[in-house]
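Structure data follow from entry_5.cif (mmCIF, C-alpha atoms):
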data_run
#
loop_
_atom_site.label_atom_id
_atom_site.label_comp_id
_atom_site.auth_asym_id
_atom_site.auth_seq_id
_atom_site.Cartn_x
_atom_site.Cartn_y
_atom_site.Cartn_z
CA MET N 1 -17.06 113.90 25.19
CA PRO N 2 -16.46 111.40 22.34
CA VAL N 3 -19.55 110.62 20.30
CA LYS N 4 -19.24 106.95 21.21
CA ALA N 5 -19.76 107.75 24.87
CA LEU N 6 -23.08 109.52 24.26
CA ASP N 7 -26.42 107.83 24.89
CA ASP N 8 -29.20 107.93 22.28
CA VAL N 9 -30.68 111.15 23.59
CA GLY N 10 -27.25 112.79 23.60
CA ARG N 11 -26.61 111.71 20.02
CA GLN N 12 -29.94 113.00 18.85
CA LYS N 13 -29.32 116.33 20.51
CA LEU N 14 -25.88 116.62 18.98
CA MET N 15 -27.12 115.69 15.50
CA ALA N 16 -30.11 118.03 15.73
CA GLY N 17 -27.67 120.82 16.57
CA TRP N 18 -25.63 120.01 13.47
CA VAL N 19 -28.77 119.95 11.32
CA HIS N 20 -29.71 123.43 12.52
CA SER N 21 -26.19 124.84 12.20
CA HIS N 22 -25.17 123.41 8.84
CA THR N 23 -28.21 122.61 6.69
CA ASN N 24 -28.37 126.09 5.22
CA ASP N 25 -24.76 126.13 4.02
CA LEU N 26 -24.95 122.56 2.71
CA LEU N 27 -28.15 123.32 0.87
CA ARG N 28 -26.81 126.47 -0.74
CA TYR N 29 -23.80 124.51 -1.93
CA ALA N 30 -25.92 121.65 -3.28
CA ARG N 31 -28.46 123.92 -4.99
CA SER N 32 -25.72 125.74 -6.88
CA ARG N 33 -24.46 122.43 -8.23
CA VAL N 34 -27.50 120.47 -9.33
CA LYS N 35 -30.23 121.30 -11.77
CA ASP N 36 -33.30 121.15 -9.55
CA GLU N 37 -33.99 122.09 -5.97
CA ALA N 38 -35.69 118.83 -4.99
CA THR N 39 -32.55 116.88 -5.90
CA ALA N 40 -30.43 119.27 -3.82
CA ASP N 41 -32.79 118.83 -0.84
CA ASP N 42 -32.60 115.04 -1.15
CA LEU N 43 -28.80 115.06 -1.33
CA VAL N 44 -28.56 117.15 1.84
CA GLN N 45 -31.01 114.86 3.58
CA LEU N 46 -28.98 111.81 2.47
CA THR N 47 -25.89 113.53 3.83
CA PHE N 48 -27.42 113.70 7.31
CA VAL N 49 -28.74 110.13 7.10
CA SER N 50 -25.17 108.97 6.34
CA ALA N 51 -23.78 111.18 9.08
CA TRP N 52 -26.29 109.77 11.56
CA GLN N 53 -25.42 106.19 10.64
CA THR N 54 -21.67 106.72 10.82
CA MET N 55 -21.61 109.14 13.72
CA ASP N 56 -19.24 106.90 15.68
CA LYS N 57 -16.62 107.40 13.00
CA PHE N 58 -16.75 111.15 13.31
CA ALA N 59 -13.37 112.15 14.68
CA GLU N 60 -13.59 114.91 17.24
CA GLN N 61 -10.59 116.69 15.82
CA SER N 62 -12.28 117.47 12.50
CA SER N 63 -15.06 120.03 12.50
CA PRO N 64 -18.62 118.78 11.92
CA ARG N 65 -18.90 121.27 9.06
CA THR N 66 -15.86 119.85 7.22
CA TRP N 67 -17.07 116.32 7.85
CA LEU N 68 -20.60 117.04 6.59
CA PHE N 69 -19.29 118.81 3.48
CA SER N 70 -17.09 115.86 2.62
CA ILE N 71 -20.12 113.55 2.88
CA LEU N 72 -22.18 115.92 0.72
CA LYS N 73 -19.44 116.02 -1.92
CA HIS N 74 -19.47 112.23 -2.02
CA LYS N 75 -23.25 112.28 -2.46
CA LEU N 76 -22.92 114.80 -5.29
CA ALA N 77 -20.24 112.68 -6.96
CA ASP N 78 -22.50 109.61 -6.66
CA HIS N 79 -25.34 111.60 -8.12
CA TYR N 80 -23.29 112.76 -11.11
CA ARG N 81 -21.81 109.32 -11.67
CA LYS N 82 -25.35 107.99 -11.92
CA VAL N 83 -26.49 110.82 -14.18
CA TYR N 84 -23.44 110.22 -16.38
CA ARG N 85 -24.06 106.48 -16.65
CA GLU N 86 -27.72 106.93 -17.46
CA GLY N 87 -26.91 109.82 -19.78
CA LYS N 88 -30.51 110.87 -19.62
CA HIS N 89 -31.82 113.91 -21.43
CA LEU N 90 -34.65 115.40 -19.45
CA SER N 91 -35.77 118.12 -21.78
CA GLY N 92 -35.76 118.87 -25.47
CA MET N 93 -34.31 122.28 -24.66
CA GLU N 94 -30.86 120.89 -24.10
CA LEU N 95 -28.12 121.36 -26.61
CA SER N 96 -27.56 118.12 -28.43
CA ASN N 97 -24.24 116.34 -28.11
CA ASP N 98 -22.91 117.22 -31.52
CA GLU N 99 -24.69 120.42 -32.41
CA VAL N 100 -21.99 122.84 -31.33
CA ASP N 101 -19.02 120.60 -32.10
CA GLU N 102 -19.89 120.24 -35.76
CA ASN N 103 -20.22 123.97 -36.31
CA THR N 104 -17.70 125.47 -33.92
CA PHE N 105 -14.73 124.80 -36.18
CA THR N 106 -14.36 124.69 -39.94
CA PRO N 107 -13.28 121.33 -41.42
CA ASN N 108 -9.62 122.39 -41.18
CA GLY N 109 -9.97 123.18 -37.49
CA HIS N 110 -10.20 126.97 -37.52
CA TRP N 111 -12.90 128.88 -35.69
CA ASP N 112 -16.12 129.28 -37.58
CA LEU N 113 -16.72 133.03 -37.41
CA ALA N 114 -20.21 132.68 -35.95
CA HIS N 115 -18.86 130.57 -33.07
CA ALA N 116 -15.50 132.19 -32.35
CA PRO N 117 -14.62 133.95 -29.10
CA THR N 118 -14.79 137.70 -29.56
CA ASN N 119 -11.42 139.16 -28.68
CA ASP N 120 -11.99 142.85 -29.04
CA PRO N 121 -14.20 143.67 -27.27
CA ASP N 122 -14.11 140.57 -25.06
CA ALA N 123 -17.69 140.24 -23.83
CA PHE N 124 -16.50 138.35 -20.73
CA ARG N 125 -14.08 141.05 -19.67
CA ASP N 126 -16.68 143.78 -19.94
CA THR N 127 -19.31 141.94 -17.89
CA ASP N 128 -19.57 141.97 -14.11
CA ASN N 129 -19.20 138.77 -12.12
CA GLU N 130 -22.80 138.55 -11.04
CA ARG N 131 -24.05 138.61 -14.60
CA LEU N 132 -21.43 136.10 -15.75
CA ASP N 133 -22.42 133.84 -12.87
CA ARG N 134 -26.11 133.98 -13.81
CA ALA N 135 -25.22 133.18 -17.43
CA LEU N 136 -23.01 130.29 -16.31
CA ARG N 137 -25.80 128.72 -14.25
CA HIS N 138 -28.25 129.02 -17.10
CA CYS N 139 -25.78 127.52 -19.57
CA LEU N 140 -24.77 124.69 -17.22
CA ASP N 141 -28.40 123.61 -17.09
CA LEU N 142 -28.47 123.46 -20.89
CA LEU N 143 -25.49 121.11 -21.13
CA PRO N 144 -26.21 117.49 -22.02
CA ASP N 145 -26.18 115.35 -18.87
CA LYS N 146 -22.92 113.60 -19.67
CA LEU N 147 -21.02 116.83 -20.22
CA ARG N 148 -22.55 118.45 -17.12
CA SER N 149 -21.49 115.44 -15.06
CA ALA N 150 -17.92 115.56 -16.37
CA VAL N 151 -17.69 119.27 -15.49
CA GLU N 152 -19.21 118.91 -12.02
CA MET N 153 -17.00 115.96 -11.15
CA LYS N 154 -13.93 118.01 -11.96
CA TYR N 155 -14.83 120.49 -9.23
CA LEU N 156 -15.95 117.93 -6.66
CA LYS N 157 -12.93 115.67 -6.52
CA GLU N 158 -10.36 118.39 -6.08
CA ARG N 159 -9.09 117.69 -9.57
CA ASP N 160 -8.10 114.10 -9.00
CA SER N 161 -8.78 113.26 -12.62
CA GLU N 162 -7.83 109.59 -12.34
CA ALA N 163 -10.47 109.00 -9.67
CA ILE N 164 -13.04 110.77 -11.83
CA GLN N 165 -12.19 108.74 -14.92
CA ALA N 166 -12.53 105.55 -12.87
CA ALA N 167 -15.87 106.68 -11.42
CA LEU N 168 -17.25 107.59 -14.84
CA GLY N 169 -15.73 104.53 -16.47
CA ILE N 170 -14.01 106.50 -19.24
CA SER N 171 -10.45 106.88 -20.51
CA ALA N 172 -8.27 109.90 -19.78
CA THR N 173 -8.57 110.98 -23.41
CA ASN N 174 -12.32 110.67 -23.39
CA TYR N 175 -12.54 112.64 -20.16
CA TRP N 176 -10.58 115.67 -21.31
CA GLN N 177 -12.30 115.64 -24.70
CA GLN N 178 -15.61 115.88 -22.88
CA LEU N 179 -14.32 118.72 -20.73
CA HIS N 180 -13.16 120.48 -23.90
CA ARG N 181 -16.56 120.06 -25.56
CA ALA N 182 -18.33 121.21 -22.41
CA LYS N 183 -16.10 124.27 -22.18
CA LEU N 184 -16.70 125.17 -25.84
CA LYS N 185 -20.46 124.95 -25.31
CA LEU N 186 -20.40 126.88 -22.04
CA ARG N 187 -18.18 129.59 -23.50
CA GLU N 188 -20.33 130.12 -26.55
CA CYS N 189 -23.56 130.04 -24.55
CA ILE N 190 -22.26 132.55 -21.96
CA GLN N 191 -20.89 134.87 -24.65
CA GLY N 192 -24.26 134.79 -26.40
CA ARG N 193 -26.13 135.65 -23.22
CA VAL N 194 -23.91 138.45 -21.98
CA SER N 195 -23.55 140.05 -25.42
CA ARG N 196 -27.26 140.14 -26.09
CA THR N 197 -28.20 143.16 -24.01
CA ALA N 198 -24.76 144.40 -23.01
CA MET K 1 9.95 124.25 -42.58
CA ALA K 2 9.17 120.67 -41.60
CA LEU K 3 9.60 121.64 -37.94
CA ILE K 4 7.20 124.56 -38.30
CA LYS K 5 4.65 122.21 -39.85
CA THR K 6 4.93 119.80 -36.89
CA LEU K 7 4.38 122.62 -34.46
CA GLU K 8 1.49 124.20 -36.33
CA LEU K 9 -1.83 123.83 -34.55
CA SER K 10 -5.41 124.38 -35.58
CA CYS K 11 -7.68 126.38 -33.24
CA GLN K 12 -9.53 123.18 -32.41
CA LYS K 13 -6.32 121.45 -31.35
CA ALA K 14 -5.01 124.54 -29.55
CA THR K 15 -8.13 124.95 -27.41
CA ALA K 16 -8.12 121.21 -26.66
CA LEU K 17 -4.53 121.54 -25.37
CA VAL K 18 -5.58 124.49 -23.20
CA GLU K 19 -8.11 122.24 -21.45
CA ARG K 20 -5.77 119.27 -21.24
CA ARG K 21 -2.89 121.15 -19.62
CA ASP K 22 -5.21 121.65 -16.66
CA LEU K 23 -5.25 117.87 -16.13
CA LYS K 24 -1.68 116.91 -17.02
CA PRO K 25 1.42 118.71 -18.26
CA LEU K 26 1.85 119.12 -22.02
CA SER K 27 4.86 117.75 -23.89
CA GLY K 28 7.56 120.20 -24.97
CA ILE K 29 6.38 120.14 -28.58
CA GLU K 30 2.79 120.78 -27.52
CA ARG K 31 3.84 123.68 -25.30
CA VAL K 32 5.84 125.36 -28.04
CA GLY K 33 3.09 124.74 -30.59
CA LEU K 34 0.49 126.25 -28.30
CA TRP K 35 2.67 129.26 -27.52
CA MET K 36 3.23 129.90 -31.22
CA HIS K 37 -0.44 129.53 -32.01
CA LEU K 38 -1.53 131.91 -29.24
CA ARG K 39 0.91 134.55 -30.49
CA ILE K 40 -0.89 134.78 -33.80
CA CYS K 41 -4.49 133.90 -32.87
CA GLY K 42 -6.57 136.53 -31.05
CA ALA K 43 -9.67 134.33 -30.90
CA CYS K 44 -7.74 131.58 -29.10
CA ARG K 45 -6.18 134.11 -26.71
CA ALA K 46 -9.72 135.22 -25.89
CA TYR K 47 -10.64 131.55 -25.44
CA VAL K 48 -7.86 131.10 -22.87
CA ARG K 49 -9.01 134.13 -20.85
CA GLN K 50 -12.67 133.13 -21.03
CA SER K 51 -11.91 129.53 -20.15
CA GLU K 52 -10.08 130.69 -17.02
CA THR K 53 -13.01 132.93 -16.11
CA ILE K 54 -15.39 129.98 -16.47
CA ASP K 55 -13.13 127.83 -14.24
CA ARG K 56 -13.15 130.51 -11.57
CA LEU K 57 -16.94 130.92 -11.78
CA LEU K 58 -17.40 127.14 -11.55
CA GLU K 59 -15.37 127.01 -8.35
CA GLU K 60 -17.05 129.99 -6.71
CA ARG K 61 -20.72 129.78 -7.62
CA PRO K 62 -21.94 132.04 -4.84
CA GLN K 63 -25.49 131.34 -3.76
CA ALA K 64 -28.01 133.86 -2.52
CA GLY K 65 -29.64 133.31 0.85
CA ILE K 66 -32.27 130.60 1.04
CA ASP K 67 -34.69 129.40 3.69
CA SER K 68 -33.84 125.88 4.82
CA THR K 69 -36.19 125.62 7.82
CA ALA K 70 -38.57 123.18 6.16
CA LEU K 71 -35.73 120.88 5.16
CA GLU K 72 -34.23 121.01 8.66
CA HIS K 73 -37.56 119.84 10.14
CA ARG K 74 -37.85 117.12 7.53
CA ILE K 75 -34.32 115.85 8.25
CA ILE K 76 -34.77 115.85 12.02
CA SER K 77 -38.04 113.93 11.77
CA GLU K 78 -36.25 111.36 9.57
CA LEU K 79 -33.49 110.84 12.10
CA ARG K 80 -35.76 109.82 14.95
#
Would you mind writing the structure in this file as structure tokens?
Amino acid sequence: MPVKALDDVGRQKLMAGWVHSHTNDLLRYARSRVKDEATADDLVQLTFVSAWQTMDKFAEQSSPRTWLFSILKHKLADHYRKVYREGKHLSGMELSNDEVDENTFTPNGHWDLAHAPTNDPDAFRDTDNERLDRALRHCLDLLPDKLRSAVEMKYLKERDSEAIQAALGISATNYWQQLHRAKLKLRECIQGRVSRTA
Amino acid sequence: MALIKTLELSCQKATALVERRDLKPLSGIERVGLWMHLRICGACRAYVRQSETIDRLLEERPQAGIDSTALEHRIISELR
């Protein structure tokens, strides 16, 4: 039966079923992509509020799960656009914007030895996925808000970089420079963590 | 010699190109310059591998099981 044909009780039943079936997956996705759990909870809740309000537009041919995930991804993109614009720095623990950049390369653009990727042995190659993943999450949380937002947006919009640049209000050059800086910071931070007790 | 100079890249520039080629294709000169640089620079070759690993981890980000019962109740009470 199309959603439109349902009465209020029928709609509530249908939506409650979706909440029970999909909240866990949506929440796991959201929690792995934002810094704190409360924000992830709120984004999932907002997802269902939007779904509830636009239930008539839900096309029967797409699965509720796909539909809900696409709403959640929009909420995450909105969240990161806002974080980017505000550029807020919540804790003094974060790496500053320029700290790594100034030291990573020598003035003529070669790796500074203390910041260079180690090639042999390559700490990444000798570390299992689970440990790398833990290091990544830790290091993502240390990124300055603007860089974190640029990185997260890249993986939310299925790599439509023009849409991301428009959403963040930055030029193409600025966007990939930020991704480069973010990657340099993440790489160095992960290498430091996995090398420490390896 | 002038051509070699045009193609010569610093590590900073080379790693920037590695990130940019993910967003849009590099020019012919940039591609050749990057190829030449990677042939002689072990640190930048390691950067390329590690950067790809980070990309893969960013896409996957598996999440351990969590209990979402409380949130489910909260959402359902909001929808009424």
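For the atom pair formed by atom CA of N:Asn24 and atom CA of N:Ala135, the distance is 23.9 Å, given to one decimal.
The gap separating atom CA of K:Ala16 from atom CA of N:Ile164 is 18.8 Å, in Å to one decimal.
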Practice task
With the file shown as input, list the residues that the PyMOL selection byres ((chain K) within 10 of (chain N)) selects, as a ChimeraX atom specification.
Solution key: /K:9-24,41-51,53-69,71-80
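Atom pair atom CA of N:Thr127 / atom CA of N:Cys139: separated by 15.9 Å.
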Handout entry: Selection dump of the PyMOL selection byres ((chain N and resi 71-79) around 7), as number ranges by chain
Key = N: 43-44, 47, 67-70, 80-83, 153, 156
Problem - Surrounding residues of N:Lys146 excluding itself and chain neighbours under 4 positions, 7 Å, only C-alpha atoms, as a ChimeraX atom specification - result: /N:84,87,150
Exercise for the section: Carefully work through the PyMOL selection byres ((chain N and resi 60) around 9) for this structure and note down the residues it includes, as a ChimeraX atom specification. Expected result: /N:1-3,58-59,61-64
Could you write those residues out with C-alpha atoms, as a PDB file, in the frame of the given file?
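Result file is again.pdb:
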ATOM      1  CA  MET N   1     -17.060 113.900  25.190  1.00  0.00           C
ATOM      2  CA  PRO N   2     -16.460 111.400  22.340  1.00  0.00           C
ATOM      3  CA  VAL N   3     -19.550 110.620  20.300  1.00  0.00           C
ATOM      4  CA  PHE N  58     -16.750 111.150  13.310  1.00  0.00           C
ATOM      5  CA  ALA N  59     -13.370 112.150  14.680  1.00  0.00           C
ATOM      6  CA  GLN N  61     -10.590 116.690  15.820  1.00  0.00           C
ATOM      7  CA  SER N  62     -12.280 117.470  12.500  1.00  0.00           C
ATOM      8  CA  SER N  63     -15.060 120.030  12.500  1.00  0.00           C
ATOM      9  CA  PRO N  64     -18.620 118.780  11.920  1.00  0.00           C
TER      10      PRO N  64
END
Could you write stretch 110-127 of chain N as a PDB file, in the frame of the given file, with N, CA and C atoms rebuilt where they are missing?
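Contents of the output file result.pdb:
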ATOM      1  N   HIS N 110     -10.215 125.567 -37.947  1.00  0.00           N
ATOM      2  CA  HIS N 110     -10.200 126.970 -37.520  1.00  0.00           C
ATOM      3  C   HIS N 110     -11.575 127.386 -37.035  1.00  0.00           C
ATOM      4  N   TRP N 111     -11.619 128.426 -36.216  1.00  0.00           N
ATOM      5  CA  TRP N 111     -12.900 128.880 -35.690  1.00  0.00           C
ATOM      6  C   TRP N 111     -13.849 129.224 -36.820  1.00  0.00           C
ATOM      7  N   ASP N 112     -15.072 128.763 -36.721  1.00  0.00           N
ATOM      8  CA  ASP N 112     -16.120 129.280 -37.580  1.00  0.00           C
ATOM      9  C   ASP N 112     -16.478 130.657 -37.025  1.00  0.00           C
ATOM     10  N   LEU N 113     -16.560 131.650 -37.890  1.00  0.00           N
ATOM     11  CA  LEU N 113     -16.720 133.030 -37.410  1.00  0.00           C
ATOM     12  C   LEU N 113     -17.916 133.208 -36.476  1.00  0.00           C
ATOM     13  N   ALA N 114     -18.996 132.530 -36.759  1.00  0.00           N
ATOM     14  CA  ALA N 114     -20.210 132.680 -35.950  1.00  0.00           C
ATOM     15  C   ALA N 114     -20.041 132.097 -34.543  1.00  0.00           C
ATOM     16  N   HIS N 115     -19.034 131.248 -34.351  1.00  0.00           N
ATOM     17  CA  HIS N 115     -18.860 130.570 -33.070  1.00  0.00           C
ATOM     18  C   HIS N 115     -17.579 130.944 -32.345  1.00  0.00           C
ATOM     19  N   ALA N 116     -16.819 131.868 -32.906  1.00  0.00           N
ATOM     20  CA  ALA N 116     -15.500 132.190 -32.350  1.00  0.00           C
ATOM     21  C   ALA N 116     -15.620 133.100 -31.129  1.00  0.00           C
ATOM     22  N   PRO N 117     -14.656 132.996 -30.207  1.00  0.00           N
ATOM     23  CA  PRO N 117     -14.620 133.950 -29.100  1.00  0.00           C
ATOM     24  C   PRO N 117     -14.361 135.351 -29.644  1.00  0.00           C
ATOM     25  N   THR N 118     -15.056 136.335 -29.115  1.00  0.00           N
ATOM     26  CA  THR N 118     -14.790 137.700 -29.560  1.00  0.00           C
ATOM     27  C   THR N 118     -13.676 138.278 -28.703  1.00  0.00           C
ATOM     28  N   ASN N 119     -12.629 138.722 -29.377  1.00  0.00           N
ATOM     29  CA  ASN N 119     -11.420 139.160 -28.680  1.00  0.00           C
ATOM     30  C   ASN N 119     -11.470 140.646 -28.342  1.00  0.00           C
ATOM     31  N   ASP N 120     -12.013 141.412 -29.230  1.00  0.00           N
ATOM     32  CA  ASP N 120     -11.990 142.850 -29.040  1.00  0.00           C
ATOM     33  C   ASP N 120     -13.268 143.473 -29.557  1.00  0.00           C
ATOM     34  N   PRO N 121     -14.273 143.795 -28.721  1.00  0.00           N
ATOM     35  CA  PRO N 121     -14.200 143.670 -27.270  1.00  0.00           C
ATOM     36  C   PRO N 121     -14.455 142.227 -26.801  1.00  0.00           C
ATOM     37  N   ASP N 122     -13.868 141.862 -25.685  1.00  0.00           N
ATOM     38  CA  ASP N 122     -14.110 140.570 -25.060  1.00  0.00           C
ATOM     39  C   ASP N 122     -15.332 140.719 -24.142  1.00  0.00           C
ATOM     40  N   ALA N 123     -16.430 140.081 -24.556  1.00  0.00           N
ATOM     41  CA  ALA N 123     -17.690 140.240 -23.830  1.00  0.00           C
ATOM     42  C   ALA N 123     -17.550 139.810 -22.360  1.00  0.00           C
ATOM     43  N   PHE N 124     -16.681 138.834 -22.100  1.00  0.00           N
ATOM     44  CA  PHE N 124     -16.500 138.350 -20.730  1.00  0.00           C
ATOM     45  C   PHE N 124     -15.863 139.438 -19.861  1.00  0.00           C
ATOM     46  N   ARG N 125     -14.855 140.105 -20.450  1.00  0.00           N
ATOM     47  CA  ARG N 125     -14.080 141.050 -19.670  1.00  0.00           C
ATOM     48  C   ARG N 125     -14.915 142.276 -19.303  1.00  0.00           C
ATOM     49  N   ASP N 126     -15.888 142.577 -20.167  1.00  0.00           N
ATOM     50  CA  ASP N 126     -16.680 143.780 -19.940  1.00  0.00           C
ATOM     51  C   ASP N 126     -17.961 143.499 -19.156  1.00  0.00           C
ATOM     52  N   THR N 127     -18.097 142.292 -18.611  1.00  0.00           N
ATOM     53  CA  THR N 127     -19.310 141.940 -17.890  1.00  0.00           C
ATOM     54  C   THR N 127     -18.987 141.689 -16.423  1.00  0.00           C
TER      55      THR N 127
END
